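Q: Below is the file start27.pdb, with PDB, C-alpha atoms.
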```
ATOM      1  CA  MET A   1      17.831 -22.659 -18.518
ATOM      2  CA  ALA A   2      14.587 -22.316 -16.545
ATOM      3  CA  ARG A   3      13.691 -19.033 -14.937
ATOM      4  CA  THR A   4      13.457 -18.443 -11.187
ATOM      5  CA  LEU A   5      10.819 -16.549  -9.214
ATOM      6  CA  GLY A   6      11.726 -14.396  -6.237
ATOM      7  CA  VAL A   7       8.987 -14.070  -3.625
ATOM      8  CA  ASP A   8       8.821 -11.453  -0.874
ATOM      9  CA  LEU A   9       6.107 -12.681   1.483
ATOM     10  CA  GLY A  10       4.284  -9.962   3.374
ATOM     11  CA  SER A  11       1.266 -10.007   5.641
ATOM     12  CA  ARG A  12      -0.884  -8.054   3.141
ATOM     13  CA  ARG A  13       0.905  -8.436  -0.196
ATOM     14  CA  ILE A  14       3.364 -10.755  -1.911
ATOM     15  CA  GLY A  15       6.005  -9.208  -4.143
ATOM     16  CA  ILE A  16       7.156 -11.315  -7.076
ATOM     17  CA  ALA A  17      10.225 -10.954  -9.274
ATOM     18  CA  ILE A  18      11.463 -13.112 -12.119
ATOM     19  CA  SER A  19      14.877 -13.906 -13.534
ATOM     20  CA  ASP A  20      15.862 -13.843 -17.158
ATOM     21  CA  ASP A  21      16.407 -17.137 -18.992
ATOM     22  CA  LYS A  22      20.124 -17.098 -18.156
ATOM     23  CA  GLY A  23      19.557 -16.668 -14.432
ATOM     24  CA  ALA A  24      21.584 -13.458 -14.328
ATOM     25  CA  ILE A  25      19.106 -10.576 -14.012
ATOM     26  CA  ALA A  26      16.117 -10.196 -11.672
ATOM     27  CA  THR A  27      13.197  -7.990 -12.687
ATOM     28  CA  PRO A  28      10.191  -6.892 -10.593
ATOM     29  CA  TYR A  29       7.162  -8.814 -11.880
ATOM     30  CA  ALA A  30       3.932  -8.484  -9.889
ATOM     31  CA  VAL A  31       2.242  -8.017  -6.547
ATOM     32  CA  ILE A  32      -0.428 -10.387  -5.238
ATOM     33  CA  GLU A  33      -2.844  -9.283  -2.539
ATOM     34  CA  ARG A  34      -2.847 -11.922   0.236
ATOM     35  CA  THR A  35      -5.898 -14.162   0.542
ATOM     36  CA  SER A  36      -4.884 -17.492   2.097
ATOM     37  CA  ASP A  37      -1.674 -19.494   2.043
ATOM     38  CA  GLU A  38      -3.260 -22.162  -0.163
ATOM     39  CA  ASN A  39      -4.647 -19.696  -2.736
ATOM     40  CA  ASP A  40      -1.497 -17.598  -2.711
ATOM     41  CA  ALA A  41       0.715 -20.657  -3.224
ATOM     42  CA  ARG A  42      -1.481 -21.774  -6.137
ATOM     43  CA  SER A  43      -1.288 -18.286  -7.682
ATOM     44  CA  ILE A  44       2.509 -18.293  -7.435
ATOM     45  CA  ALA A  45       2.694 -21.817  -8.884
ATOM     46  CA  GLU A  46       0.501 -20.689 -11.794
ATOM     47  CA  ILE A  47       2.778 -17.710 -12.488
ATOM     48  CA  ALA A  48       5.758 -20.062 -12.363
ATOM     49  CA  ARG A  49       4.143 -22.388 -14.899
ATOM     50  CA  LEU A  50       3.213 -19.509 -17.223
ATOM     51  CA  GLU A  51       6.742 -18.105 -17.069
ATOM     52  CA  ASN A  52       8.593 -21.455 -17.168
ATOM     53  CA  ALA A  53      10.078 -20.915 -13.717
ATOM     54  CA  LYS A  54      11.126 -24.103 -11.967
ATOM     55  CA  THR A  55      12.297 -22.687  -8.651
ATOM     56  CA  VAL A  56      10.893 -20.194  -6.160
ATOM     57  CA  VAL A  57      13.366 -18.276  -4.007
ATOM     58  CA  LEU A  58      11.357 -17.347  -0.935
ATOM     59  CA  GLY A  59      12.606 -14.541   1.286
ATOM     60  CA  TYR A  60      13.521 -15.948   4.688
ATOM     61  CA  PRO A  61      13.078 -13.223   7.328
ATOM     62  CA  LEU A  62      15.820 -13.959   9.800
ATOM     63  CA  MET A  63      16.415 -11.676  12.767
ATOM     64  CA  LEU A  64      19.384  -9.306  12.520
ATOM     65  CA  ASP A  65      21.392 -11.699  14.707
ATOM     66  CA  GLY A  66      20.676 -14.545  12.238
ATOM     67  CA  SER A  67      18.177 -16.402  14.386
ATOM     68  CA  ALA A  68      14.759 -17.526  13.170
ATOM     69  CA  GLY A  69      11.800 -15.845  14.846
ATOM     70  CA  HIS A  70       8.042 -16.011  14.369
ATOM     71  CA  ALA A  71       8.128 -14.532  10.836
ATOM     72  CA  ALA A  72      10.629 -17.197   9.764
ATOM     73  CA  MET A  73       8.310 -19.925  11.050
ATOM     74  CA  VAL A  74       5.403 -18.413   9.097
ATOM     75  CA  THR A  75       7.609 -18.403   5.997
ATOM     76  CA  GLU A  76       8.587 -22.042   6.538
ATOM     77  CA  GLY A  77       4.876 -22.929   6.628
ATOM     78  CA  PHE A  78       4.283 -21.011   3.393
ATOM     79  CA  ALA A  79       7.244 -22.800   1.800
ATOM     80  CA  GLU A  80       5.460 -26.090   2.531
ATOM     81  CA  LYS A  81       2.316 -24.786   0.763
ATOM     82  CA  LEU A  82       4.437 -23.881  -2.278
ATOM     83  CA  LYS A  83       5.952 -27.377  -2.285
ATOM     84  CA  GLN A  84       2.460 -28.883  -2.104
ATOM     85  CA  ALA A  85       1.588 -26.732  -5.144
ATOM     86  CA  GLY A  86       4.445 -28.446  -7.010
ATOM     87  CA  MET A  87       7.204 -25.873  -6.636
ATOM     88  CA  ARG A  88      10.871 -26.348  -5.816
ATOM     89  CA  VAL A  89      11.548 -23.844  -2.996
ATOM     90  CA  LYS A  90      14.761 -22.324  -1.723
ATOM     91  CA  LEU A  91      14.718 -20.143   1.392
ATOM     92  CA  PHE A  92      17.088 -17.175   1.122
ATOM     93  CA  ASP A  93      17.997 -14.598   3.764
ATOM     94  CA  GLU A  94      15.978 -11.454   3.056
ATOM     95  CA  ARG A  95      17.280  -9.195   5.799
ATOM     96  CA  LEU A  96      17.067  -5.538   4.768
ATOM     97  CA  THR A  97      15.723  -6.190   1.239
ATOM     98  CA  THR A  98      12.643  -4.012   1.788
ATOM     99  CA  ALA A  99      14.824  -1.203   3.146
ATOM    100  CA  GLU A 100      17.093  -1.477   0.090
ATOM    101  CA  ALA A 101      14.083  -1.484  -2.260
ATOM    102  CA  ASP A 102      12.664   1.569  -0.499
ATOM    103  CA  LYS A 103      16.011   3.329  -0.897
ATOM    104  CA  LYS A 104      16.092   2.516  -4.643
ATOM    105  CA  LEU A 105      12.669   4.139  -5.069
ATOM    106  CA  LYS A 106      13.420   7.378  -3.184
ATOM    107  CA  GLY A 107      12.591  10.469  -5.177
ATOM    108  CA  ARG A 108      10.354   8.699  -7.696
ATOM    109  CA  GLY A 109       7.266  10.675  -6.661
ATOM    110  CA  MET A 110       5.121   7.653  -5.792
ATOM    111  CA  LYS A 111       2.956   7.668  -2.683
ATOM    112  CA  GLY A 112       0.551   5.468  -0.794
ATOM    113  CA  ARG A 113      -0.705   2.137  -2.081
ATOM    114  CA  ALA A 114       1.015   2.417  -5.483
ATOM    115  CA  ARG A 115       4.391   2.942  -3.811
ATOM    116  CA  ARG A 116       3.881   0.039  -1.406
ATOM    117  CA  ALA A 117       3.056  -2.292  -4.293
ATOM    118  CA  VAL A 118       6.149  -1.217  -6.201
ATOM    119  CA  VAL A 119       8.311  -1.571  -3.073
ATOM    120  CA  ASP A 120       7.043  -5.152  -2.608
ATOM    121  CA  LYS A 121       7.986  -6.295  -6.108
ATOM    122  CA  VAL A 122      11.277  -4.375  -6.054
ATOM    123  CA  ALA A 123      12.083  -6.051  -2.710
ATOM    124  CA  ALA A 124      11.432  -9.408  -4.413
ATOM    125  CA  ALA A 125      13.814  -8.379  -7.208
ATOM    126  CA  VAL A 126      16.505  -7.326  -4.692
ATOM    127  CA  LEU A 127      16.116 -10.692  -2.966
ATOM    128  CA  LEU A 128      16.247 -12.654  -6.223
ATOM    129  CA  GLN A 129      19.212 -10.666  -7.558
ATOM    130  CA  SER A 130      21.133 -11.378  -4.334
ATOM    131  CA  PHE A 131      20.364 -15.084  -4.753
ATOM    132  CA  LEU A 132      21.426 -15.072  -8.416
ATOM    133  CA  ASP A 133      24.645 -13.193  -7.619
ATOM    134  CA  THR A 134      25.502 -15.636  -4.830
ATOM    135  CA  LYS A 135      24.848 -18.561  -7.148
ATOM    136  CA  ALA A 136      27.025 -17.021  -9.904
ATOM    137  CA  ARG A 137      30.005 -16.696  -7.506
ATOM    138  CA  LYS A 138      30.010 -20.410  -6.711
TER     139      LYS A 138
END
```
Mind turning the file's structure into structure tokens?

A:
Amino acid sequence: MARTLGVDLGSRRIGIAISDDKGAIATPYAVIERTSDENDARSIAEIARLENAKTVVLGYPLMLDGSAGHAAMVTEGFAEKLKQAGMRVKLFDERLTTAEADKKLKGRGMKGRARRAVVDKVAAAVLLQSFLDTKARK
């Protein structure tokens, strides 16, 4: 089975997580500093090729009431760039994933930029694990 990438799109950084070969476990993978949508999409597609990932699960930042705001529209545009880079993309509700990742890292002694980078890739792993768990229940 092909692996899946989880992508937490931020304005400054992109958190990336990857699944195991069985599609059961998500692991934090990397953080990419944002440059442009085109370059970032190509970087993600390259990681996917290197890791034999066929699908990208892109965090879809819906509002708490479930509606799509400005951030969701930005994400939809980025999803198109990923598709143009040859990726299969699934949008998945990411509400509260960063808060959950932050909670998981409490008390680990990290501060500043290093902590933010870890939070971004852990948020991607939380997102991807939620997707994998939902898929497993079907």

Q: Tell me, in Å to one decimal, how far CA of Ala41 in chain A is from CA of Ala71 in chain A.

A: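 Interatomic distance here is 17.0 Å.
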
Q: From the list A:Val7, A:Ala2, A:Leu82, A:Ile14, which residue is nearest Leu50 in chain A when using all atoms listed in the file?

A: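 Among A:Val7, A:Ala2, A:Leu82, A:Ile14, it is A:Ala2 that comes nearest to Leu50 in chain A.
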
Q: Run through the PyMOL selection byres ((chain A and resi 45) around 8) on the given coordinates and return the selected residues as a ChimeraX atom specification.

A: /A:41-44,46-49,82,85-87

Q: As a list of chain:residue names, please: the residues near Met73 in chain A (cut-off 12 Å, all atoms listed in the file, same-chain neighbours under 5 positions excluded).

A: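 These residues fall inside the cut-off: A:Gly59, A:Tyr60, A:Pro61, A:Leu62, A:Met63, A:Ser67, A:Ala68, A:Phe78, A:Ala79, A:Glu80, A:Leu91.
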
Q: In Å, rounded to a single decimal, give me how far CA of Val56 in chain A is from CA of Ala123 in chain A.

A: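 So the two atoms, CA of Ala123 in chain A and CA of Val56 in chain A, lie 14.6 Å apart.
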
Q: Any idea what the distance is between CA of Asn39 in chain A and CA of Lys22 in chain A?

A: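 Straight-line distance from CA of Asn39 in chain A to CA of Lys22 in chain A works out to 29.3 Å.
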
Q: Need the shell around Gly66 in chain A: protein/DNA/RNA residues with any atom at most 12 Å away, counting all atoms listed in the file. Skip same-chain ones fewer than 5 positions apart. Format as a list in words?

A: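 Selected residues are Tyr60, Pro61, Ala72, Phe92, Asp93, Glu94 and Arg95 of chain A.
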
Q: Point out the residue among A:Ala124, A:Ala30, A:Val119, A:Leu5 with the least atom-to-atom distance to Val89 in chain A, counting only C-alpha atoms.

A: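 Closest to Val89 in chain A of all the choices is A:Leu5.
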
Q: Starting from the PyMOL selection byres ((chain A and resi 6) around 9), expand the selection into actual residues of this file and give them as a list in words.

A: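 Going through the file, the PyMOL selection byres ((chain A and resi 6) around 9) ends up selecting Thr4, Leu5, Val7, Asp8, Gly15, Ile16, Ala17, Ile18, Ser19, Ala26, Pro28, Thr55, Val56, Val57, Leu58, Gly59, Lys121, Ala124, Ala125, Val126, Leu127, Leu128, Gln129 and Phe131 of chain A.
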
Q: Check the smallest atom-to-atom distance from each of A:Asp120, A:Leu64, A:Val74, A:Lys135 to Ile32 in chain A using all atoms listed in the file, then report the winner.

A: A:Asp120

Q: Let me make sure I understand: among A:His70, A:Arg34, A:Arg88, A:Lys54, which one has the smallest atom-to-atom distance to Arg3 in chain A if we use only C-alpha atoms?

A: A:Lys54

Q: Which residue gives the smallest distance to Glu38 in chain A among A:Arg137, A:Lys81, A:Lys90, A:Arg116, with only C-alpha atoms counted?

A: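 Of A:Arg137, A:Lys81, A:Lys90, A:Arg116, the one nearest Glu38 in chain A is A:Lys81, counting only C-alpha atoms.
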
Q: For each of A:Glu76, A:Glu51, A:Asp20, A:Asp65, take the minimum atom-to-atom distance to Leu132 in chain A, counting only C-alpha atoms, then give the residue where this is smallest.

A: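 Of the candidates, the smallest distance to Leu132 in chain A is held by A:Asp20.
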